[in-house]
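Q: Okay, so here is query.txt, and as you'll see once you scroll down, it has compact mmCIF, C-alpha atoms and all ligand atoms.
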```
# COMPACT_ATOMS: atom_id res chain seq x y z
CA ALA A 22 100.88 125.37 110.86
CA GLU A 23 98.41 126.36 113.52
CA THR A 24 96.19 123.30 113.85
CA LEU A 25 96.89 119.62 114.38
CA GLY A 26 95.43 118.61 111.05
CA ASP A 27 97.29 121.26 109.06
CA ALA A 28 100.52 120.50 110.87
CA ALA A 29 100.21 116.76 110.19
CA ALA A 30 99.34 117.43 106.55
CA GLN A 31 102.72 119.12 106.06
CA SER A 32 104.21 115.63 105.99
CA GLY A 33 101.26 113.98 104.24
CA ARG A 34 99.80 112.59 107.46
CA TYR A 35 96.38 112.94 109.06
CA PHE A 36 95.52 113.84 112.63
CA GLY A 37 92.19 112.37 113.69
CA ALA A 38 89.84 111.95 116.62
CA ALA A 39 87.30 109.38 117.75
CA VAL A 40 83.88 110.97 117.51
CA VAL A 41 80.38 110.33 118.85
CA PRO A 42 77.54 111.68 116.68
CA GLU A 43 75.47 112.86 119.68
CA LEU A 44 78.04 115.56 120.41
CA LEU A 45 78.01 117.04 116.92
CA ASN A 46 75.25 119.30 118.25
CA ASP A 47 77.61 120.69 120.90
CA THR A 48 79.15 123.88 119.54
CA ASN A 49 82.43 123.60 121.43
CA TYR A 50 82.83 119.99 120.39
CA VAL A 51 82.16 120.45 116.71
CA THR A 52 84.11 123.69 116.49
CA THR A 53 87.17 122.01 117.96
CA LEU A 54 86.75 118.92 115.79
CA ASP A 55 86.40 120.90 112.58
CA ARG A 56 89.21 123.32 113.35
CA GLU A 57 91.87 120.88 114.56
CA PHE A 58 91.29 117.46 113.00
CA ASN A 59 91.32 116.19 109.43
CA ALA A 60 90.26 112.61 110.11
CA ILE A 61 87.60 110.93 112.23
CA VAL A 62 86.76 107.48 113.49
CA ALA A 63 83.50 106.40 115.10
CA GLU A 64 84.10 105.71 118.78
CA ASN A 65 81.18 103.23 118.80
CA VAL A 66 78.63 103.60 116.02
CA MET A 67 80.30 101.45 113.35
CA LYS A 68 80.71 98.46 115.68
CA TRP A 69 78.74 95.24 115.24
CA ASP A 70 76.16 95.94 117.99
CA ALA A 71 75.43 99.37 116.53
CA THR A 72 75.32 98.42 112.86
CA GLU A 73 73.55 95.03 112.96
CA PRO A 74 71.42 94.92 116.13
CA SER A 75 69.34 92.07 114.66
CA ARG A 76 70.64 89.55 112.20
CA GLY A 77 70.54 90.94 108.68
CA GLN A 78 68.91 94.21 109.83
CA PHE A 79 71.51 96.89 109.36
CA ASN A 80 71.40 100.36 110.90
CA PHE A 81 73.82 102.75 109.28
CA SER A 82 72.24 106.07 110.22
CA ALA A 83 74.64 107.16 112.97
CA GLY A 84 77.67 106.09 110.97
CA ASP A 85 76.29 107.80 107.88
CA GLN A 86 76.06 111.02 109.89
CA LEU A 87 79.77 110.84 110.70
CA VAL A 88 80.72 109.92 107.15
CA GLU A 89 78.72 112.86 105.80
CA HIS A 90 80.28 115.22 108.34
CA ALA A 91 83.72 114.09 107.23
CA ARG A 92 82.93 114.07 103.52
CA SER A 93 81.63 117.63 103.52
CA ARG A 94 84.80 118.82 105.25
CA GLY A 95 87.36 116.72 103.39
CA MET A 96 88.26 114.62 106.40
CA LEU A 97 89.43 111.01 106.17
CA VAL A 98 87.32 108.35 107.86
CA ARG A 99 88.85 105.35 109.61
CA GLY A 100 86.47 102.41 109.96
CA HIS A 101 86.27 100.85 113.42
CA THR A 102 85.70 97.92 113.63
CA LEU A 103 84.33 95.02 111.59
CA VAL A 104 85.05 92.03 113.85
CA TRP A 105 85.71 92.16 117.59
CA HIS A 106 84.93 89.95 120.58
CA ALA A 107 83.40 92.92 122.45
CA GLN A 108 80.34 94.99 121.57
CA GLN A 109 78.80 92.11 119.66
CA PRO A 110 75.00 92.14 119.56
CA GLY A 111 73.41 89.48 121.74
CA TRP A 112 72.30 87.35 118.79
CA VAL A 113 75.91 86.81 117.71
CA GLN A 114 76.90 85.37 121.05
CA GLY A 115 74.43 82.52 120.64
CA LEU A 116 75.83 81.34 117.31
CA SER A 117 78.18 78.44 116.75
CA GLY A 118 80.30 76.93 114.00
CA ASN A 119 79.47 77.74 110.42
CA ASP A 120 76.45 79.76 111.46
CA LEU A 121 78.74 82.23 113.23
CA ARG A 122 81.14 82.09 110.26
CA GLN A 123 78.35 83.04 107.87
CA ALA A 124 77.17 85.80 110.22
CA MET A 125 80.70 87.25 110.33
CA ILE A 126 81.03 87.22 106.54
CA ASP A 127 77.54 88.70 106.08
CA HIS A 128 78.37 91.42 108.61
CA ILE A 129 81.59 92.37 106.83
CA ASN A 130 79.81 92.39 103.47
CA GLY A 131 76.99 94.52 104.86
CA VAL A 132 79.07 97.10 106.68
CA ALA A 133 82.20 97.37 104.53
CA GLY A 134 79.97 97.15 101.46
CA HIS A 135 77.73 99.98 102.64
CA TRP A 136 80.66 102.34 103.23
CA SER A 137 82.73 101.06 100.32
CA GLY A 138 84.68 103.98 98.91
CA ASP A 139 84.19 106.15 102.02
CA ILE A 140 86.74 104.53 104.31
CA TYR A 141 90.47 105.24 104.34
CA ALA A 142 91.31 102.18 106.44
CA TRP A 143 89.23 99.54 108.21
CA ASP A 144 90.15 97.98 111.50
CA VAL A 145 89.07 94.62 110.11
CA VAL A 146 89.90 92.69 113.26
CA ASN A 147 90.33 94.22 116.70
CA GLU A 148 92.10 92.85 119.78
CA ALA A 149 92.42 89.15 118.90
CA PHE A 150 95.62 88.48 120.85
CA GLU A 151 96.52 88.14 124.53
CA TRP A 152 99.53 89.77 126.19
CA ASP A 153 101.56 86.56 125.86
CA GLY A 154 101.05 86.31 122.11
CA THR A 155 98.43 83.58 122.17
CA ARG A 156 95.06 84.04 120.54
CA ARG A 157 92.30 85.40 122.74
CA GLN A 158 89.82 82.61 123.43
CA SER A 159 86.82 84.57 122.14
CA ASN A 160 83.70 83.05 120.62
CA LEU A 161 85.28 83.77 117.23
CA GLN A 162 88.45 81.84 118.03
CA GLN A 163 86.63 78.98 119.72
CA GLN A 164 83.87 78.58 117.17
CA LEU A 165 85.75 79.35 113.95
CA GLY A 166 89.28 78.19 114.70
CA GLN A 167 92.61 79.73 113.82
CA GLY A 168 91.60 80.83 110.31
CA TRP A 169 88.93 83.34 111.31
CA ILE A 170 91.20 86.39 111.11
CA GLU A 171 92.30 85.75 107.56
CA GLU A 172 88.73 84.89 106.54
CA ALA A 173 87.72 88.33 107.81
CA PHE A 174 90.49 90.04 105.85
CA HIS A 175 89.60 88.24 102.62
CA ALA A 176 85.95 89.20 103.05
CA ALA A 177 86.82 92.84 103.79
CA ARG A 178 88.99 93.11 100.68
CA ALA A 179 86.16 91.79 98.55
CA ALA A 180 83.59 94.09 100.15
CA ASP A 181 85.69 97.27 99.87
CA PRO A 182 88.69 96.91 97.56
CA ASN A 183 89.68 100.56 98.09
CA ALA A 184 90.08 100.62 101.87
CA LYS A 185 93.33 99.76 103.53
CA LEU A 186 92.85 96.77 105.81
CA CYS A 187 94.31 96.98 109.31
CA TYR A 188 94.73 94.71 112.29
CA ASN A 189 94.29 96.85 115.46
CA ASP A 190 95.30 96.17 119.08
CA TYR A 191 96.38 97.61 122.44
CA SER A 192 99.46 97.01 124.60
CA ILE A 193 101.58 96.67 121.47
CA ASP A 194 103.33 99.98 122.16
CA GLY A 195 106.75 98.38 122.03
CA ILE A 196 108.49 95.17 121.13
CA ASN A 197 106.86 92.53 123.33
CA LEU A 198 105.27 89.09 123.10
CA LYS A 199 101.96 90.45 121.85
CA SER A 200 103.34 92.78 119.18
CA THR A 201 105.72 90.05 118.03
CA ALA A 202 102.84 87.60 117.59
CA ILE A 203 101.08 90.19 115.41
CA TYR A 204 104.31 90.86 113.52
CA ASN A 205 104.60 87.14 112.80
CA MET A 206 100.97 87.02 111.71
CA VAL A 207 101.65 89.78 109.16
CA ILE A 208 104.65 87.87 107.79
CA ASP A 209 102.55 84.72 107.54
CA PHE A 210 99.68 86.58 105.82
CA GLN A 211 102.06 88.12 103.30
CA ALA A 212 103.65 84.73 102.55
CA ARG A 213 100.24 83.21 101.87
CA GLY A 214 98.61 86.12 100.05
CA VAL A 215 96.18 87.15 102.77
CA PRO A 216 95.46 90.87 102.28
CA ILE A 217 96.73 93.13 105.07
CA ASP A 218 97.86 96.73 104.61
CA CYS A 219 98.37 98.16 108.07
CA VAL A 220 98.63 97.59 111.78
CA GLY A 221 96.89 99.94 114.21
CA ILE A 222 98.85 100.63 117.37
CA GLN A 223 96.07 101.81 119.70
CA SER A 224 98.38 103.50 122.22
CA HIS A 225 96.23 103.79 125.33
CA LEU A 226 99.10 105.10 127.42
CA SER A 227 99.99 106.70 130.71
CA TRP A 228 102.42 109.45 131.69
CA ASP A 229 104.81 106.72 132.96
CA SER A 230 104.50 104.31 130.02
CA ASP A 231 107.71 102.68 128.85
CA LEU A 232 108.19 103.88 125.28
CA SER A 233 111.79 102.74 124.88
CA SER A 234 110.96 100.49 121.91
CA TYR A 235 107.88 102.36 120.62
CA GLN A 236 109.53 103.76 117.48
CA ALA A 237 111.47 100.55 116.79
CA ASN A 238 108.19 98.64 116.92
CA LEU A 239 106.56 100.98 114.41
CA GLN A 240 109.61 100.66 112.20
CA ARG A 241 109.69 96.87 112.18
CA PHE A 242 106.08 96.73 110.96
CA ALA A 243 106.82 99.39 108.35
CA ASP A 244 109.83 97.38 107.22
CA LEU A 245 107.45 94.58 106.25
CA GLY A 246 106.00 96.92 103.64
CA ILE A 247 102.78 97.76 105.47
CA ASP A 248 101.61 101.02 107.02
CA VAL A 249 101.31 101.67 110.73
CA GLU A 250 98.80 104.04 112.29
CA ILE A 251 98.46 105.36 115.83
CA THR A 252 94.78 104.62 116.18
CA GLU A 253 93.47 105.32 119.71
CA LEU A 254 96.01 107.55 121.41
CA ASP A 255 95.29 108.82 124.90
CA VAL A 256 97.65 109.34 127.82
CA GLY A 257 96.70 109.19 131.47
CA GLY A 258 98.07 112.00 133.61
CA SER A 259 98.43 115.73 133.16
CA GLY A 260 100.85 118.57 132.67
CA SER A 261 104.37 118.21 131.37
CA ALA A 262 104.66 114.46 132.03
CA GLN A 263 101.60 113.78 129.90
CA ALA A 264 102.82 116.23 127.25
CA ALA A 265 106.18 114.46 127.06
CA VAL A 266 104.51 111.13 126.22
CA TYR A 267 102.34 112.73 123.56
CA GLN A 268 105.43 114.39 122.12
CA GLN A 269 107.38 111.14 122.04
CA VAL A 270 104.58 109.27 120.27
CA THR A 271 104.22 112.05 117.70
CA GLU A 272 107.96 112.18 117.04
CA ALA A 273 108.08 108.40 116.66
CA CYS A 274 105.33 108.48 114.03
CA LEU A 275 107.04 111.30 112.15
CA ALA A 276 110.30 109.35 112.17
CA VAL A 277 108.70 106.35 110.45
CA ALA A 278 107.83 107.08 106.83
CA ARG A 279 105.02 104.51 106.77
CA CYS A 280 103.37 105.85 109.93
CA THR A 281 100.53 107.55 108.09
CA GLY A 282 98.64 109.28 110.88
CA ILE A 283 97.61 109.67 114.48
CA THR A 284 94.13 109.45 115.99
CA THR A 285 93.33 110.46 119.57
CA TRP A 286 90.55 108.50 121.28
CA GLY A 287 88.37 111.53 121.79
CA ILE A 288 88.78 115.30 121.80
CA THR A 289 88.11 116.65 125.28
CA ASP A 290 88.63 115.38 128.82
CA GLN A 291 84.92 115.97 129.28
CA HIS A 292 84.12 112.96 127.08
CA THR A 293 86.49 110.05 127.40
CA TRP A 294 86.19 106.33 128.07
CA ARG A 295 88.66 106.94 130.95
CA PRO A 296 86.30 109.02 133.13
CA ASN A 297 88.59 109.33 136.13
CA ASP A 298 91.45 110.58 134.02
CA THR A 299 92.28 113.56 131.83
CA PRO A 300 93.89 111.76 128.89
CA LEU A 301 93.15 114.00 125.89
CA LEU A 302 94.56 117.14 124.25
CA PHE A 303 91.76 119.55 125.23
CA ASP A 304 90.53 120.05 128.78
CA ALA A 305 86.90 119.83 129.83
CA ASN A 306 86.43 123.45 128.71
CA TYR A 307 88.02 122.79 125.32
CA GLN A 308 91.15 124.72 126.25
CA LYS A 309 94.43 123.53 124.73
CA LYS A 310 96.54 121.60 127.23
CA PRO A 311 100.35 121.39 127.43
CA ALA A 312 100.01 118.08 125.59
CA TYR A 313 98.31 119.87 122.70
CA HIS A 314 101.13 122.36 122.38
CA ALA A 315 103.70 119.56 122.55
CA VAL A 316 102.01 117.63 119.74
CA LEU A 317 101.59 120.70 117.57
CA ALA A 318 105.22 121.69 118.03
CA ALA A 319 106.37 118.16 117.20
CA LEU A 320 104.23 118.06 114.05
CA ASN A 321 105.72 121.41 113.04
CA GLY A 322 109.19 119.96 113.44
CA ALA A 323 110.11 122.11 116.43
O1 LIG T 1 74.68 102.48 123.85
C1 LIG T 1 74.43 102.14 125.20
C2 LIG T 1 73.27 102.91 125.72
O2 LIG T 1 72.11 102.53 125.01
C3 LIG T 1 73.12 102.64 127.22
O3 LIG T 1 72.09 103.42 127.73
C4 LIG T 1 74.40 102.95 127.95
C5 LIG T 1 74.33 102.63 129.43
O4 LIG T 1 75.54 102.15 129.92
O5 LIG T 1 75.42 102.19 127.40
C6 LIG T 1 75.65 102.47 126.01
O6 LIG T 1 76.67 101.69 125.54
C7 LIG T 1 77.97 102.06 125.95
C8 LIG T 1 78.77 102.41 124.71
O7 LIG T 1 80.12 102.65 125.06
C9 LIG T 1 78.23 103.64 124.00
O8 LIG T 1 78.31 104.76 124.85
C10 LIG T 1 78.60 100.86 126.67
O9 LIG T 1 77.94 100.65 127.88
C11 LIG T 1 80.06 101.12 126.89
O10 LIG T 1 80.66 99.92 127.37
C12 LIG T 1 80.73 101.51 125.60
O11 LIG T 1 82.10 101.76 125.89
C13 LIG T 1 82.94 101.82 124.75
C14 LIG T 1 83.93 100.67 124.78
O12 LIG T 1 84.83 100.77 123.69
C15 LIG T 1 83.25 99.32 124.72
O13 LIG T 1 84.16 98.28 124.84
C16 LIG T 1 83.69 103.13 124.79
O14 LIG T 1 82.76 104.20 124.60
C17 LIG T 1 84.75 103.18 123.70
O15 LIG T 1 85.58 104.30 123.89
C18 LIG T 1 85.62 101.93 123.79
O16 LIG T 1 86.55 101.97 122.72
C19 LIG T 1 87.50 100.91 122.68
C20 LIG T 1 87.80 100.63 121.23
O17 LIG T 1 86.62 100.37 120.52
C21 LIG T 1 88.78 99.47 121.08
N1 LIG T 1 89.98 99.70 121.86
C22 LIG T 1 89.77 100.05 123.27
C23 LIG T 1 88.83 101.24 123.39
C24 LIG T 1 88.66 101.67 124.84
O18 LIG T 1 88.05 100.66 125.58
```
Please, can you express the file's structure as structure tokens?
Ligand code: G3I

A:
Amino acid sequence: AETLGDAAAQSGRYFGAAVVPELLNDTNYVTTLDREFNAIVAENVMKWDATEPSRGQFNFSAGDQLVEHARSRGMLVRGHTLVWHAQQPGWVQGLSGNDLRQAMIDHINGVAGHWSGDIYAWDVVNEAFEWDGTRRQSNLQQQLGQGWIEEAFHAARAADPNAKLCYNDYSIDGINLKSTAIYNMVIDFQARGVPIDCVGIQSHLSWDSDLSSYQANLQRFADLGIDVEITELDVGGSGSAQAAVYQQVTEACLAVARCTGITTWGITDQHTWRPNDTPLLFDANYQKKPAYHAVLAALNGA
């Protein structure tokens, strides 16, 4: 196959990109998106600050634009993200106790309810653990206590019964204290009937990242009977070293039956959250980089 999306589809997988609606007017951007990718995720516009800037006042217009773009082209949409300690609107940060709990539930109902039926998988909770496997001491953790993650998953299931529900995090690109804490959380959720369907391995990487247990980590989550997704892939560096990391990640996903797809955190080096780096598959002029060719070849089984 000649595009990332078509090549991934050969094994029933998707290949997606994080997208910002402002750039859909840019011909190079949208041409590349529509040609190469068969899934999208909102880089920012489905987050809490964007969707509920004032309490109970929802703004879905930018997210709707992405969903419509995807729908009309048969692309999957990943939902990112319902509950996160970052990019909360200011009003949330002032809440405590059950008031914050109710705001979280209302937010999940509002957002997941609005896009119910449109979303392939929601990142229900994002980045709730520290590197050492302890819970991040966010306002959510401090105000709501240990149960807030499962409360969010129960609410998301009720609001959109058709979406897969994922926990999503970074620096879990191998077997380490943080990924093991999440692994244990999944086991605990399954034992107690808390709905969870997938874990998102963000994969913000570098050309010299240690990937020695990357595939084994994907596999151990899959062996629990959940899906894994590579949700925010980008790789600092350039040239063949960068391409080799992209290739290794792609091959690891392909080797794990329950790794259902890969999303890169952007399309072009011109628009990335890592402005001093060139972490994506297309250069600033939308030319295919060595990393692109490595991923395409891997997806084609070369
Ligand atoms: O929307 C405001 C705009 O009104 C204002 O004029 C402008 C001035 O700085 O800021 C705009 O907000 C920025 C927003 O992106 C939208 O462009 C924020 O400052 C900026 O902090 C925010 O950065 C995003 C970041 O998440 C926030 O934590 C990045 O674009 C986005 O790529 C990044 O994505 C995260 C994932 O959600 C979770 N995993 C890590 C990943 C990378 O950090």

Q: If you count only C-alpha atoms, which residues fall within 12 Å of His314 in chain A, apart from same-chain ones fewer than 4 positions away, as a list in words?

A: Ala22, Glu23, Thr24, Leu25, Ala28, Gly260, Ser261, Gln263, Ala264, Ala265, Tyr267, Gln268, Thr271, Leu302, Phe303, Gln308, Lys309, Lys310, Ala318, Ala319, Leu320, Asn321 and Ala323 of chain A

Q: Give me a file of those residues, with C-alpha atoms, as a JSON list (two decimals), in the frame of the given file.

A:
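File written: out13.json
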```
[["chain", "number", "residue", "atom", "x", "y", "z"],
["A", 22, "ALA", "CA", 100.88, 125.37, 110.86],
["A", 23, "GLU", "CA", 98.41, 126.36, 113.52],
["A", 24, "THR", "CA", 96.19, 123.30, 113.85],
["A", 25, "LEU", "CA", 96.89, 119.62, 114.38],
["A", 28, "ALA", "CA", 100.52, 120.50, 110.87],
["A", 260, "GLY", "CA", 100.85, 118.57, 132.67],
["A", 261, "SER", "CA", 104.37, 118.21, 131.37],
["A", 263, "GLN", "CA", 101.60, 113.78, 129.90],
["A", 264, "ALA", "CA", 102.82, 116.23, 127.25],
["A", 265, "ALA", "CA", 106.18, 114.46, 127.06],
["A", 267, "TYR", "CA", 102.34, 112.73, 123.56],
["A", 268, "GLN", "CA", 105.43, 114.39, 122.12],
["A", 271, "THR", "CA", 104.22, 112.05, 117.70],
["A", 302, "LEU", "CA", 94.56, 117.14, 124.25],
["A", 303, "PHE", "CA", 91.76, 119.55, 125.23],
["A", 308, "GLN", "CA", 91.15, 124.72, 126.25],
["A", 309, "LYS", "CA", 94.43, 123.53, 124.73],
["A", 310, "LYS", "CA", 96.54, 121.60, 127.23],
["A", 318, "ALA", "CA", 105.22, 121.69, 118.03],
["A", 319, "ALA", "CA", 106.37, 118.16, 117.20],
["A", 320, "LEU", "CA", 104.23, 118.06, 114.05],
["A", 321, "ASN", "CA", 105.72, 121.41, 113.04],
["A", 323, "ALA", "CA", 110.11, 122.11, 116.43]]
```

Q: Show me, as a list in words, the residues that have an atom within 8 Å of Asn238 in chain A when counting all atoms listed in the file, minus same-chain residues fewer than 2 positions from it.

A: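 Here the answer would be Asp194, Gly195, Ile196, Ser200, Ser234, Tyr235, Gln236, Gln240, Arg241 and Phe242 of chain A.
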
Q: Within 9 Å of ligand LIG 1 (chain T), counting only C-alpha atoms and all ligand atoms, which protein or nucleic acid residues do you find, written as an MDAnalysis selection string?

A: chainID A and resid 39 41 63:66 68 70:71 101:102 105 107:108 147:148 189:191 223 225 252:253 286:287 293:295

Q: With C-alpha atoms retained, could you export that selection as a PDB file, keeping the file's coordinate frame?

A:
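out-v6.pdb written:
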```pdb
ATOM      1  CA  ALA A  39      87.300 109.380 117.750  1.00  0.00           C
ATOM      2  CA  VAL A  41      80.380 110.330 118.850  1.00  0.00           C
ATOM      3  CA  ALA A  63      83.500 106.400 115.100  1.00  0.00           C
ATOM      4  CA  GLU A  64      84.100 105.710 118.780  1.00  0.00           C
ATOM      5  CA  ASN A  65      81.180 103.230 118.800  1.00  0.00           C
ATOM      6  CA  VAL A  66      78.630 103.600 116.020  1.00  0.00           C
ATOM      7  CA  LYS A  68      80.710  98.460 115.680  1.00  0.00           C
ATOM      8  CA  ASP A  70      76.160  95.940 117.990  1.00  0.00           C
ATOM      9  CA  ALA A  71      75.430  99.370 116.530  1.00  0.00           C
ATOM     10  CA  HIS A 101      86.270 100.850 113.420  1.00  0.00           C
ATOM     11  CA  THR A 102      85.700  97.920 113.630  1.00  0.00           C
ATOM     12  CA  TRP A 105      85.710  92.160 117.590  1.00  0.00           C
ATOM     13  CA  ALA A 107      83.400  92.920 122.450  1.00  0.00           C
ATOM     14  CA  GLN A 108      80.340  94.990 121.570  1.00  0.00           C
ATOM     15  CA  ASN A 147      90.330  94.220 116.700  1.00  0.00           C
ATOM     16  CA  GLU A 148      92.100  92.850 119.780  1.00  0.00           C
ATOM     17  CA  ASN A 189      94.290  96.850 115.460  1.00  0.00           C
ATOM     18  CA  ASP A 190      95.300  96.170 119.080  1.00  0.00           C
ATOM     19  CA  TYR A 191      96.380  97.610 122.440  1.00  0.00           C
ATOM     20  CA  GLN A 223      96.070 101.810 119.700  1.00  0.00           C
ATOM     21  CA  HIS A 225      96.230 103.790 125.330  1.00  0.00           C
ATOM     22  CA  THR A 252      94.780 104.620 116.180  1.00  0.00           C
ATOM     23  CA  GLU A 253      93.470 105.320 119.710  1.00  0.00           C
ATOM     24  CA  TRP A 286      90.550 108.500 121.280  1.00  0.00           C
ATOM     25  CA  GLY A 287      88.370 111.530 121.790  1.00  0.00           C
ATOM     26  CA  THR A 293      86.490 110.050 127.400  1.00  0.00           C
ATOM     27  CA  TRP A 294      86.190 106.330 128.070  1.00  0.00           C
ATOM     28  CA  ARG A 295      88.660 106.940 130.950  1.00  0.00           C
TER      29      ARG A 295
END
```

Q: Write out as a PyMOL selection string each polymer residue whose atoms come within 9 Å of Thr53 in chain A, counting only C-alpha atoms; drop sequence neighbours fewer than 5 positions from it.

A: chain A and resi 48+58+288+303+307

Q: Pull the neighbourhood of (89.6, 102.0, 96.6) for me: all residues within 8 Å in file coordinates, counting only C-alpha atoms, as a list in words.

A: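 I get Ser137, Gly138, Asp181, Pro182, Asn183 and Ala184 of chain A for the residues within 8 Å of that point.
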
Q: Skipping near chain neighbours, those fewer than 5 positions away, what residues fall within 9 Å of range 87-93 of chain A using all atoms listed in the file, listed as a ChimeraX atom specification?

A: /A:40-42,45,59-63,82,98,136,139-140

Q: A:Leu301, A:Leu232, A:Val249, A:Val146: which is nearest Val270 in chain A, counting only C-alpha atoms?

A: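 Going through A:Leu301, A:Leu232, A:Val249, A:Val146 one by one, the smallest distance to Val270 in chain A is for A:Leu232.
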
Q: Rounded to one decimal place, report the CA of Met125 in chain A-CA of Val207 in chain A distance in Å.

A: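 Separation between CA of Met125 in chain A and CA of Val207 in chain A: 21.1 Å.
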
Q: Rank nothing, just name the residue among A:Phe79, A:Phe36, A:Trp112, A:Trp143 nearest to Arg56 in chain A, using only C-alpha atoms.

A: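 Closest to Arg56 in chain A of all the choices is A:Phe36.
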
Q: Work out how far CA of Gln269 in chain A is from CA of Asn297 in chain A, in Å to one decimal.

A: 23.6 Å

Q: Just how far from CA of Asn46 in chain A is CA of Gly84 in chain A, in Å to one decimal?

A: 15.3 Å

Q: Find the residue from A:Ala124, A:Val215, A:Ile129, A:Leu254 that sits nearest to Ser227 in chain A; use all atoms listed in the file when measuring.

A: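 Closest candidate: A:Leu254.
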
Q: Mind checking which residues fall within 12 Å of Ala212 in chain A, counting all atoms listed in the file, ignoring those fewer than 6 positions away in the same chain, and posting them as a list in words?

A: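 The filter keeps Asn205, Met206 and Leu245 of chain A.
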
Q: For His128 in chain A, which of A:Tyr313, A:Trp69, A:Phe150, A:Tyr188 is the closest residue, counting all atoms listed in the file?

A: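 Ranking A:Tyr313, A:Trp69, A:Phe150, A:Tyr188 by distance to His128 in chain A, first place goes to A:Trp69.
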
Q: Which one of A:Ile170, A:Ala273, A:Ala179, A:Val113 sits closest to Ala133 in chain A if you count all atoms listed in the file?

A: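 Checking each of A:Ile170, A:Ala273, A:Ala179, A:Val113 against Ala133 in chain A, counting all atoms listed in the file, the winner is A:Ala179.
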
Q: Which of these residues is nearest to Ala142 in chain A, using only C-alpha atoms: A:Pro300, A:Gly100, A:Leu54, A:Gly246?

A: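 Of the candidates, the smallest distance to Ala142 in chain A is held by A:Gly100.
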
Q: Can you complete the atoms of range 313-317 of chain A to all heavy atoms and list them as a PDB file, in the coordinates of the input?

A:
```
ATOM      1  N   TYR A 313      98.657 119.353 124.039  1.00  0.00           N
ATOM      2  CA  TYR A 313      98.310 119.870 122.700  1.00  0.00           C
ATOM      3  C   TYR A 313      99.492 120.621 122.104  1.00  0.00           C
ATOM      4  O   TYR A 313      99.888 120.403 120.949  1.00  0.00           O
ATOM      5  CB  TYR A 313      97.080 120.780 122.782  1.00  0.00           C
ATOM      6  CG  TYR A 313      96.822 121.515 121.483  1.00  0.00           C
ATOM      7  CD1 TYR A 313      95.961 120.989 120.523  1.00  0.00           C
ATOM      8  CD2 TYR A 313      97.477 122.721 121.196  1.00  0.00           C
ATOM      9  CE1 TYR A 313      95.757 121.646 119.317  1.00  0.00           C
ATOM     10  CE2 TYR A 313      97.284 123.378 119.999  1.00  0.00           C
ATOM     11  CZ  TYR A 313      96.419 122.840 119.059  1.00  0.00           C
ATOM     12  OH  TYR A 313      96.238 123.480 117.868  1.00  0.00           O
ATOM     13  N   HIS A 314     100.034 121.528 122.897  1.00  0.00           N
ATOM     14  CA  HIS A 314     101.130 122.360 122.380  1.00  0.00           C
ATOM     15  C   HIS A 314     102.355 121.506 122.049  1.00  0.00           C
ATOM     16  O   HIS A 314     103.069 121.784 121.076  1.00  0.00           O
ATOM     17  CB  HIS A 314     101.470 123.452 123.395  1.00  0.00           C
ATOM     18  CG  HIS A 314     100.351 124.439 123.574  1.00  0.00           C
ATOM     19  ND1 HIS A 314      99.967 125.326 122.598  1.00  0.00           N
ATOM     20  CD2 HIS A 314      99.491 124.643 124.612  1.00  0.00           C
ATOM     21  CE1 HIS A 314      98.942 126.042 123.020  1.00  0.00           C
ATOM     22  NE2 HIS A 314      98.635 125.645 124.243  1.00  0.00           N
ATOM     23  N   ALA A 315     102.570 120.448 122.822  1.00  0.00           N
ATOM     24  CA  ALA A 315     103.700 119.560 122.550  1.00  0.00           C
ATOM     25  C   ALA A 315     103.509 118.819 121.224  1.00  0.00           C
ATOM     26  O   ALA A 315     104.456 118.684 120.430  1.00  0.00           O
ATOM     27  CB  ALA A 315     103.881 118.570 123.696  1.00  0.00           C
ATOM     28  N   VAL A 316     102.290 118.340 120.991  1.00  0.00           N
ATOM     29  CA  VAL A 316     102.010 117.630 119.740  1.00  0.00           C
ATOM     30  C   VAL A 316     102.130 118.574 118.551  1.00  0.00           C
ATOM     31  O   VAL A 316     102.762 118.250 117.531  1.00  0.00           O
ATOM     32  CB  VAL A 316     100.610 116.979 119.788  1.00  0.00           C
ATOM     33  CG1 VAL A 316     100.203 116.451 118.413  1.00  0.00           C
ATOM     34  CG2 VAL A 316     100.573 115.858 120.815  1.00  0.00           C
ATOM     35  N   LEU A 317     101.541 119.756 118.687  1.00  0.00           N
ATOM     36  CA  LEU A 317     101.590 120.700 117.570  1.00  0.00           C
ATOM     37  C   LEU A 317     103.036 121.075 117.234  1.00  0.00           C
ATOM     38  O   LEU A 317     103.426 121.104 116.056  1.00  0.00           O
ATOM     39  CB  LEU A 317     100.781 121.962 117.906  1.00  0.00           C
ATOM     40  CG  LEU A 317     100.678 122.978 116.760  1.00  0.00           C
ATOM     41  CD1 LEU A 317      99.896 122.403 115.575  1.00  0.00           C
ATOM     42  CD2 LEU A 317     100.023 124.269 117.261  1.00  0.00           C
TER      43      LEU A 317
END
```
